[in-house]
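*Asks:* Contents of final-v7.tsv (TSV, C-alpha atoms) are below:
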chain	number	residue	atom	x	y	z
A	1	MET	CA	100.55	68.73	162.98
A	2	PHE	CA	103.09	65.92	162.82
A	3	TYR	CA	105.94	68.33	162.26
A	4	LYS	CA	105.55	71.81	163.69
A	5	HIS	CA	105.54	74.66	161.21
A	6	ASN	CA	106.20	77.14	164.01
A	7	ASN	CA	109.49	75.41	164.84
A	8	ASN	CA	112.71	75.06	162.89
A	9	TYR	CA	113.22	71.95	160.82
A	10	THR	CA	116.00	70.92	158.49
A	11	VAL	CA	116.03	68.19	155.85
A	12	GLU	CA	118.64	67.00	153.38
A	13	SER	CA	119.17	65.08	150.16
A	14	VAL	CA	122.21	63.69	148.35
A	15	THR	CA	123.14	63.18	144.71
A	16	SER	CA	123.43	59.87	142.89
A	17	GLY	CA	127.21	60.09	143.27
A	18	HIS	CA	127.15	60.14	147.08
A	19	PRO	CA	128.89	56.95	148.29
A	20	ASP	CA	125.86	55.63	150.21
A	21	LYS	CA	123.61	56.27	147.22
A	22	VAL	CA	126.04	54.52	144.87
A	23	CYS	CA	125.60	51.45	147.07
A	24	ASP	CA	121.80	51.80	147.14
A	25	GLN	CA	121.69	52.01	143.35
A	26	ILE	CA	123.87	48.94	142.90
A	27	SER	CA	121.75	46.92	145.34
A	28	ASP	CA	118.52	47.92	143.61
A	29	ALA	CA	119.99	47.36	140.13
A	30	ILE	CA	120.81	43.80	141.20
A	31	LEU	CA	117.25	43.38	142.50
A	32	ASP	CA	115.83	44.63	139.18
A	33	ALA	CA	118.15	42.35	137.20
A	34	CYS	CA	116.87	39.35	139.16
A	35	LEU	CA	113.21	40.37	138.82
A	36	LYS	CA	113.55	40.84	135.05
A	37	GLN	CA	114.36	37.15	134.71
A	38	ASP	CA	112.39	35.72	137.63
A	39	HIS	CA	109.63	37.85	139.16
A	40	LYS	CA	109.55	35.62	142.24
A	41	SER	CA	113.19	36.27	143.10
A	42	ARG	CA	114.02	36.62	146.77
A	43	VAL	CA	116.72	39.23	147.13
A	44	ALA	CA	118.44	40.84	150.09
A	45	VAL	CA	121.66	42.43	148.81
A	46	GLU	CA	123.92	44.84	150.65
A	47	THR	CA	126.72	46.80	149.01
A	48	PHE	CA	129.72	48.35	150.75
A	49	GLY	CA	132.27	50.43	148.89
A	50	GLY	CA	135.17	52.77	149.36
A	51	HIS	CA	138.72	53.59	148.30
A	52	GLY	CA	138.88	51.37	145.23
A	53	LYS	CA	136.99	48.40	146.64
A	54	LEU	CA	133.37	47.22	146.45
A	55	ILE	CA	131.84	44.31	148.34
A	56	ILE	CA	128.47	42.85	147.34
A	57	GLY	CA	126.97	40.44	149.86
A	58	GLY	CA	123.65	39.01	150.89
A	59	GLU	CA	121.09	36.39	149.96
A	60	VAL	CA	119.48	35.66	146.59
A	61	THR	CA	117.14	32.77	145.83
A	62	SER	CA	116.22	32.97	142.15
A	63	ASN	CA	116.23	31.24	138.79
A	64	ALA	CA	117.83	34.38	137.34
A	65	LYS	CA	121.42	34.28	136.15
A	66	VAL	CA	122.91	37.66	136.95
A	67	ASP	CA	126.47	38.90	136.61
A	68	TYR	CA	126.53	40.92	139.82
A	69	GLU	CA	129.93	42.43	139.12
A	70	LYS	CA	128.89	43.68	135.68
A	71	VAL	CA	125.69	45.21	137.10
A	72	ALA	CA	127.75	47.07	139.69
A	73	ARG	CA	130.29	48.36	137.15
A	74	ASP	CA	127.53	49.53	134.79
A	75	VAL	CA	125.79	51.48	137.58
A	76	TYR	CA	129.06	53.04	138.71
A	77	LYS	CA	129.89	54.18	135.17
A	78	GLU	CA	126.37	55.50	134.52
A	79	ILE	CA	126.56	57.65	137.67
A	80	GLY	CA	129.68	59.29	136.27
A	81	TYR	CA	132.66	57.57	137.86
A	82	ASP	CA	135.43	56.05	135.73
A	83	GLU	CA	138.00	54.71	138.20
A	84	ASN	CA	138.45	50.96	138.37
A	85	LEU	CA	137.03	49.04	141.33
A	86	GLU	CA	138.13	45.78	142.85
A	87	ILE	CA	134.82	43.95	143.35
A	88	ILE	CA	134.18	41.04	145.71
A	89	VAL	CA	130.86	39.16	145.48
A	90	HIS	CA	129.63	36.88	148.26
A	91	ILE	CA	125.98	35.93	147.79
A	92	VAL	CA	124.22	32.84	149.19
A	93	THR	CA	120.62	31.56	149.15
A	94	GLN	CA	117.96	32.73	151.60
A	95	SER	CA	117.86	31.07	155.01
A	96	PRO	CA	115.40	28.14	154.95
A	97	ASP	CA	114.09	29.32	158.33
A	98	ILE	CA	113.00	32.63	156.77
A	99	ALA	CA	111.76	30.99	153.56
A	100	MET	CA	109.52	28.66	155.54
A	101	GLY	CA	107.38	31.58	156.71
A	102	VAL	CA	107.56	33.64	153.53
A	103	ASP	CA	106.56	30.75	151.24
A	104	THR	CA	103.16	30.58	152.93
A	105	GLY	CA	102.53	34.31	152.45
A	106	GLY	CA	103.95	35.54	155.73
A	107	ALA	CA	106.01	38.66	156.31
A	108	GLY	CA	109.71	38.35	155.54
A	109	ASP	CA	110.61	40.12	158.75
A	110	GLN	CA	109.13	41.62	161.88
A	111	GLY	CA	109.01	45.36	162.37
A	112	ILE	CA	107.06	48.62	162.30
A	113	MET	CA	106.56	50.64	159.12
A	114	TYR	CA	105.26	54.17	158.63
A	115	GLY	CA	103.69	56.09	155.77
A	116	PHE	CA	102.97	59.82	155.61
A	117	ALA	CA	101.37	62.37	153.33
A	118	THR	CA	100.56	66.07	153.50
A	119	ASP	CA	98.61	68.39	151.20
A	120	GLU	CA	101.39	70.99	151.50
A	121	THR	CA	102.75	70.21	148.00
A	122	LYS	CA	101.55	68.50	144.82
A	123	GLU	CA	103.93	65.65	145.70
A	124	PHE	CA	102.03	65.19	149.00
A	125	LEU	CA	105.33	65.68	150.85
A	126	PRO	CA	106.67	68.45	153.11
A	127	LYS	CA	107.96	71.33	151.00
A	128	GLY	CA	111.42	71.08	152.54
A	129	VAL	CA	111.76	67.45	151.45
A	130	VAL	CA	110.65	68.34	147.92
A	131	LEU	CA	113.07	71.27	147.66
A	132	ALA	CA	116.07	69.32	148.99
A	133	HIS	CA	115.50	66.58	146.38
A	134	LYS	CA	115.02	69.11	143.57
A	135	LEU	CA	118.30	70.79	144.47
A	136	ALA	CA	120.17	67.47	144.56
A	137	SER	CA	118.64	66.10	141.37
A	138	GLY	CA	119.29	69.49	139.75
A	139	LEU	CA	123.00	69.04	140.37
A	140	GLU	CA	122.96	65.72	138.54
A	141	LYS	CA	120.81	66.91	135.62
A	142	ILE	CA	122.94	69.96	134.88
A	143	ARG	CA	126.16	67.92	135.25
A	144	LYS	CA	125.02	65.23	132.82
A	145	SER	CA	123.64	67.78	130.34
A	146	GLY	CA	126.94	69.64	130.32
A	147	GLY	CA	125.35	72.81	131.70
A	148	ILE	CA	128.08	73.10	134.35
A	149	LYS	CA	131.21	71.36	133.12
A	150	TRP	CA	133.21	71.49	136.37
A	151	LEU	CA	130.59	69.58	138.40
A	152	ARG	CA	131.46	66.08	139.63
A	153	PRO	CA	129.04	63.34	140.82
A	154	ASP	CA	129.16	63.64	144.63
A	155	GLY	CA	127.04	66.21	146.43
A	156	LYS	CA	124.61	67.02	149.24
A	157	THR	CA	121.84	69.55	149.74
A	158	GLN	CA	120.09	70.81	152.85
A	159	VAL	CA	117.28	73.28	153.58
A	160	THR	CA	116.10	74.87	156.83
A	161	TYR	CA	112.62	76.27	157.48
A	162	SER	CA	111.38	78.41	160.36
A	163	ASN	CA	107.73	79.35	160.88
A	164	GLY	CA	107.03	77.81	157.49
A	165	GLU	CA	109.51	80.15	155.75
A	166	LEU	CA	112.70	79.12	153.99
A	167	GLN	CA	115.73	80.27	156.01
A	168	THR	CA	118.78	78.52	154.59
A	169	VAL	CA	119.80	76.61	151.46
A	170	LEU	CA	123.03	74.63	151.66
A	171	VAL	CA	124.65	72.96	148.65
A	172	SER	CA	127.89	71.02	148.88
A	173	THR	CA	129.07	69.76	145.51
A	174	GLN	CA	132.13	67.98	144.22
A	175	HIS	CA	133.98	69.94	141.55
A	176	SER	CA	137.07	69.93	139.38
A	177	ILE	CA	140.27	71.42	140.72
A	178	ASP	CA	140.41	74.32	138.24
A	179	ILE	CA	137.45	76.40	139.44
A	180	SER	CA	137.24	79.08	142.14
A	181	GLN	CA	134.77	78.90	145.01
A	182	GLU	CA	133.42	82.30	143.97
A	183	GLU	CA	132.52	80.95	140.53
A	184	ILE	CA	131.07	77.77	142.06
A	185	LYS	CA	128.74	79.75	144.34
A	186	LYS	CA	127.74	82.08	141.51
A	187	GLU	CA	126.82	79.30	139.07
A	188	ILE	CA	125.13	77.05	141.64
A	189	THR	CA	123.06	79.99	142.88
A	190	GLU	CA	122.07	81.24	139.43
A	191	LYS	CA	121.51	77.91	137.65
A	192	ILE	CA	120.25	75.56	140.38
A	193	ILE	CA	119.05	77.39	143.51
A	194	ASN	CA	117.33	80.54	142.22
A	195	PRO	CA	115.11	78.79	139.62
A	196	LEU	CA	113.52	76.81	142.48
A	197	LEU	CA	112.79	79.80	144.75
A	198	SER	CA	110.11	82.46	144.75
A	199	ASP	CA	111.13	86.12	144.53
A	200	GLU	CA	110.35	86.52	148.24
A	201	GLU	CA	112.50	83.50	149.14
A	202	LYS	CA	115.41	84.83	147.09
A	203	LYS	CA	115.33	88.08	149.10
A	204	ASN	CA	115.42	86.44	152.52
A	205	VAL	CA	117.23	83.12	152.18
A	206	LYS	CA	120.78	82.53	153.35
A	207	ILE	CA	122.73	80.55	150.73
A	208	LEU	CA	125.73	78.41	151.64
A	209	VAL	CA	127.76	76.67	148.93
A	210	ASN	CA	130.71	74.39	149.77
A	211	PRO	CA	131.21	75.86	153.26
A	212	THR	CA	134.39	73.81	153.84
A	213	GLY	CA	136.10	75.84	151.12
A	214	GLN	CA	136.52	73.09	148.53
A	215	PHE	CA	135.13	69.66	147.57
A	216	ILE	CA	137.51	68.11	145.05
A	217	GLN	CA	137.73	64.55	146.35
A	218	GLY	CA	134.40	62.75	146.36
A	219	GLY	CA	132.66	59.41	146.00
A	220	PHE	CA	134.59	56.28	146.96
A	221	GLU	CA	137.86	58.20	146.60
A	222	ALA	CA	137.00	60.27	149.66
A	223	ASP	CA	134.58	58.17	151.68
A	224	THR	CA	132.91	54.81	152.15
A	225	GLY	CA	129.32	53.99	151.28
A	226	LEU	CA	126.83	51.44	152.52
A	227	THR	CA	123.37	50.33	151.40
A	228	GLY	CA	120.56	51.71	153.55
A	229	ARG	CA	122.46	54.43	155.34
A	230	LYS	CA	120.34	57.31	153.97
A	231	LEU	CA	116.97	56.32	155.45
A	232	MET	CA	115.83	59.88	156.09
A	233	VAL	CA	116.73	60.97	152.56
A	234	ASP	CA	114.77	57.96	151.27
A	235	THR	CA	111.64	58.75	153.29
A	236	TYR	CA	110.40	61.93	154.99
A	237	GLY	CA	113.52	63.77	156.11
A	238	GLY	CA	113.21	62.63	159.72
A	239	LEU	CA	110.05	64.71	160.17
A	240	ILE	CA	107.99	61.65	161.09
A	241	PRO	CA	108.99	58.30	162.66
A	242	HIS	CA	110.83	55.60	160.74
A	243	GLY	CA	110.58	51.93	161.63
A	244	GLY	CA	114.27	51.30	161.08
A	245	GLY	CA	114.43	48.98	158.07
A	246	CYS	CA	116.04	50.22	154.86
A	247	PHE	CA	114.56	49.65	151.40
A	248	SER	CA	117.23	49.19	148.75
A	249	GLY	CA	118.33	45.72	147.70
A	250	LYS	CA	115.27	43.98	149.16
A	251	ASP	CA	112.49	42.25	147.27
A	252	SER	CA	108.95	42.98	148.36
A	253	THR	CA	108.45	39.96	150.60
A	254	LYS	CA	110.48	42.09	152.99
A	255	VAL	CA	107.76	44.18	154.60
A	256	ASP	CA	110.18	46.84	155.75
A	257	ARG	CA	110.07	47.86	152.08
A	258	SER	CA	106.68	46.78	150.75
A	259	ALA	CA	104.64	47.74	153.82
A	260	ALA	CA	106.33	51.15	153.97
A	261	TYR	CA	105.27	51.67	150.36
A	262	MET	CA	101.75	50.51	151.19
A	263	ALA	CA	101.58	52.81	154.20
A	264	ARG	CA	102.61	55.75	152.00
A	265	PHE	CA	99.99	54.69	149.39
A	266	VAL	CA	97.31	54.65	152.07
A	267	ALA	CA	98.37	57.94	153.68
A	268	LYS	CA	98.45	59.72	150.32
A	269	ASN	CA	95.01	58.42	149.39
A	270	LEU	CA	93.56	59.43	152.76
A	271	VAL	CA	94.76	62.99	152.21
A	272	ALA	CA	93.64	63.01	148.57
A	273	SER	CA	90.19	61.83	149.66
A	274	GLY	CA	89.84	64.59	152.23
A	275	TYR	CA	90.31	62.60	155.44
A	276	GLY	CA	92.97	65.02	156.63
A	277	LYS	CA	95.47	67.65	155.60
A	278	GLU	CA	98.16	65.31	156.90
A	279	CYS	CA	97.92	61.57	157.61
A	280	LEU	CA	100.26	59.15	159.33
A	281	VAL	CA	99.81	55.39	158.85
A	282	SER	CA	101.67	52.72	160.80
A	283	VAL	CA	101.65	48.93	160.58
A	284	ALA	CA	103.49	46.16	162.45
A	285	TYR	CA	104.28	42.54	161.55
A	286	ALA	CA	105.61	39.33	163.03
A	287	ILE	CA	107.98	37.38	160.78
A	288	GLY	CA	106.22	34.51	159.02
A	289	MET	CA	102.70	35.83	159.75
A	290	ALA	CA	100.54	37.36	157.02
A	291	GLU	CA	98.11	39.40	159.10
A	292	PRO	CA	99.60	42.58	160.59
A	293	LEU	CA	99.79	42.82	164.36
A	294	MET	CA	98.69	46.46	164.21
A	295	ILE	CA	97.31	48.98	161.73
A	296	GLU	CA	96.98	52.59	162.86
A	297	ALA	CA	96.08	55.75	160.96
A	298	ILE	CA	95.53	59.28	162.24
A	299	ASN	CA	95.22	62.73	160.74
A	300	GLU	CA	96.68	66.00	162.00
A	301	LYS	CA	93.70	66.45	164.33
A	302	GLY	CA	94.36	63.09	166.00
A	303	GLU	CA	91.25	61.51	164.47
A	304	ASP	CA	91.41	57.72	164.22
A	305	LEU	CA	91.18	56.54	160.59
A	306	ALA	CA	92.14	52.90	161.18
A	307	GLU	CA	88.72	51.43	160.39
A	308	ILE	CA	88.58	53.29	157.07
A	309	VAL	CA	92.01	51.90	156.24
A	310	LYS	CA	91.13	48.33	157.18
A	311	LYS	CA	87.97	48.50	155.07
A	312	ASN	CA	89.78	49.69	151.94
A	313	PHE	CA	93.29	48.25	152.11
A	314	ASP	CA	94.75	44.77	152.60
A	315	PHE	CA	98.13	44.85	154.35
A	316	ARG	CA	98.96	41.16	153.99
A	317	PRO	CA	102.30	40.89	152.14
A	318	LYS	CA	100.98	39.01	149.10
A	319	ALA	CA	98.08	41.45	148.76
A	320	ILE	CA	100.46	44.43	148.90
A	321	ILE	CA	102.72	42.90	146.25
A	322	GLU	CA	99.75	42.21	143.98
A	323	ARG	CA	98.03	45.58	144.45
A	324	LEU	CA	101.18	47.62	143.87
A	325	GLY	CA	102.81	45.36	141.27
A	326	LEU	CA	105.94	44.91	143.34
A	327	GLN	CA	107.32	41.93	141.43
A	328	ASN	CA	108.16	44.23	138.52
A	329	PRO	CA	111.73	45.55	138.07
A	330	ILE	CA	111.01	49.16	139.06
A	331	PHE	CA	113.32	49.70	142.00
A	332	GLN	CA	116.58	51.22	140.80
A	333	GLN	CA	114.78	54.51	140.12
A	334	THR	CA	113.78	54.68	143.80
A	335	ALA	CA	117.39	54.55	145.01
A	336	VAL	CA	117.97	58.30	144.47
A	337	TYR	CA	116.02	61.45	145.39
A	338	GLY	CA	113.50	59.68	147.59
A	339	HIS	CA	111.17	56.70	147.33
A	340	PHE	CA	108.09	58.94	147.48
A	341	GLY	CA	106.66	61.78	145.44
A	342	LYS	CA	107.50	60.38	141.97
A	343	GLU	CA	104.37	60.14	139.85
A	344	ASN	CA	105.28	56.98	137.93
A	345	LEU	CA	105.58	54.75	141.00
A	346	PRO	CA	102.59	52.53	141.83
A	347	TRP	CA	102.37	53.53	145.50
A	348	GLU	CA	101.96	57.15	144.38
A	349	LYS	CA	98.71	56.49	142.49
A	350	ILE	CA	95.56	58.15	143.78
A	351	GLU	CA	92.50	55.91	144.07
A	352	LYS	CA	89.04	56.54	145.43
A	353	ILE	CA	88.42	55.52	149.05
A	354	ASN	CA	84.87	54.49	149.96
Just give me the structure as structure tokens.

*Replies:*
Amino acid sequence: MFYKHNNNYTVESVTSGHPDKVCDQISDAILDACLKQDHKSRVAVETFGGHGKLIIGGEVTSNAKVDYEKVARDVYKEIGYDENLEIIVHIVTQSPDIAMGVDTGGAGDQGIMYGFATDETKEFLPKGVVLAHKLASGLEKIRKSGGIKWLRPDGKTQVTYSNGELQTVLVSTQHSIDISQEEIKKEITEKIINPLLSDEEKKNVKILVNPTGQFIQGGFEADTGLTGRKLMVDTYGGLIPHGGGCFSGKDSTKVDRSAAYMARFVAKNLVASGYGKECLVSVAYAIGMAEPLMIEAINEKGEDLAEIVKKNFDFRPKAIIERLGLQNPIFQQTAVYGHFGKENLPWEKIEKIN
């Protein structure tokens, strides 16, 4: 097994109002805005925010005309924040040295990417990863529906498993000043945590809610955020390797995004086709070169599946973009609650492997 069920493991998620996730959403909203007007847009946008200020920087080469500041303000308001931000935008065109290799179909960067799938859940993800995201997204859904009126946008969730059994659920959530911690724990437990647990889990789990005692200040008021700083939340909870590159704000010529999606697509289809209960796929590139330097795939038994992968899947950047439709403006939805396990995303489709 790639992660040991007989050992402890802990994974986390964060809400859309977490400062890092605010930045991810803004970066991906800018990417989508560019792709809506020009599907060949080259975008690499980073967002940094905190304490009343937001800085948007990076490289965009596109025929699209986008009001970056308006996109950022719209995202911020939609998340649930209403304070005014001072926004600085500094965006230039892509380096001609990078473009020279990408224009011919080469990878937009060097690096190693990983994809993983397990038959443990219907999402083909570890059950801890699924539960952490459901808890975090549950906070947002009930806040926006008005089901818990004292909830505020910032929040984090965390779950711990031991021997395959749920041990601890931790929820830290921003809240209004006029609510007691006793009431917070009661409502979070009854309305968000318990509906996701089995009767057996409810009996044995340890529940922690706002263990610091209060969480009134949140978002950019309390902390800074930065695009790409929640890599483990975005992927597999740290239970398998990560190549290092973040996803948000990057168009799909950047293989640290597109190849990671392709590797997940391949791993999921290997498991769905019965090649393993768990599969790990890895691929490596040199910047400017189309053909990968390495493609590896193994299942939980250590069986080599690389030849099956090479026969059925093309990992050249242009082929990935075409197969998965990655020039469409679909990316803002990936910027919260994980890039994997959502049925409507193209790299989550199940296809027959010969």

*Asks:* By how many Å are atom CA of Leu125 of chain A and atom CA of Ala297 of chain A apart?

*Replies:*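 Answer for the atom CA of Leu125 of chain A to atom CA of Ala297 of chain A separation: 16.9 Å.
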
*Asks:* Would you kindly return, as a list in words, each protein, DNA or RNA residue with an atom no farther than 7 Å from any atom of Thr253 of chain A, considering all atoms listed in the file and excluding same-chain residues fewer than 5 positions away?

*Replies:*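 That gives Ala107, Gly108 and Pro317 of chain A.
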
*Asks:* Under the rule that all atoms listed in the file are counted, which of A:Glu296, A:Glu183, A:Glu307, A:Asp24 is the nearest residue to His339 of chain A?

*Replies:*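 Looking at the shortest contact to His339 of chain A, the residue is A:Asp24.
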
*Asks:* Nearest to Phe2 of chain A among A:Trp347, A:Tyr261, A:Phe116, A:Phe340, with distances taken over all atoms listed in the file: which residue is it?

*Replies:*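 Nearest candidate to Phe2 of chain A out of A:Trp347, A:Tyr261, A:Phe116, A:Phe340: A:Phe116.
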
*Asks:* Just the number, please: distance in Å from atom CA of Pro126 of chain A to atom CA of Ile295 of chain A, one decimal.

*Replies:*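 Computing it gives 23.3 Å between the two atoms.
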
*Asks:* For atom CA of Leu208 of chain A and atom CA of Gly49 of chain A, determine how far apart the two atoms are, in Å to one decimal place.

*Replies:*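 Interatomic distance here is 28.9 Å.
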
*Asks:* With only C-alpha atoms counted and 10 Å as the cut-off, give the residues of segment 307-338 of chain A in contact with segment 266-284 of chain A, each with its shortest interatomic distance in Å and the pair that gives it, as a Markdown table.

*Replies:*
| residue | atom | partner | partner_atom | distance |
| --- | --- | --- | --- | --- |
| A:Ile308 | CA | A:Leu270 | CA | 9.0 |
| A:Val309 | CA | A:Val266 | CA | 7.3 |
| A:Asn312 | CA | A:Val266 | CA | 9.0 |
| A:Phe313 | CA | A:Val266 | CA | 7.6 |
| A:Phe315 | CA | A:Val283 | CA | 8.2 |

*Asks:* From the list A:Val22, A:Leu131, A:Ala72, A:Ile30, which residue is nearest Gly341 of chain A when using all atoms listed in the file?

*Replies:*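 Using all atoms listed in the file, Gly341 of chain A sits closest to A:Leu131.
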
*Asks:* My list of candidates is A:Val102, A:Val171, A:Cys246, A:Met262. Which is closest to Met289 of chain A when distances are computed with all atoms listed in the file?

*Replies:*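 Ranking A:Val102, A:Val171, A:Cys246, A:Met262 by distance to Met289 of chain A, first place goes to A:Val102.
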
*Asks:* Can you work out which one of A:Ala263, A:Ala319, A:Ala44, A:Ile79 has the shortest atom-to-atom distance to Ala306 of chain A, counting all atoms listed in the file?

*Replies:*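 Comparing A:Ala263, A:Ala319, A:Ala44, A:Ile79 against Ala306 of chain A, the winner is A:Ala263.
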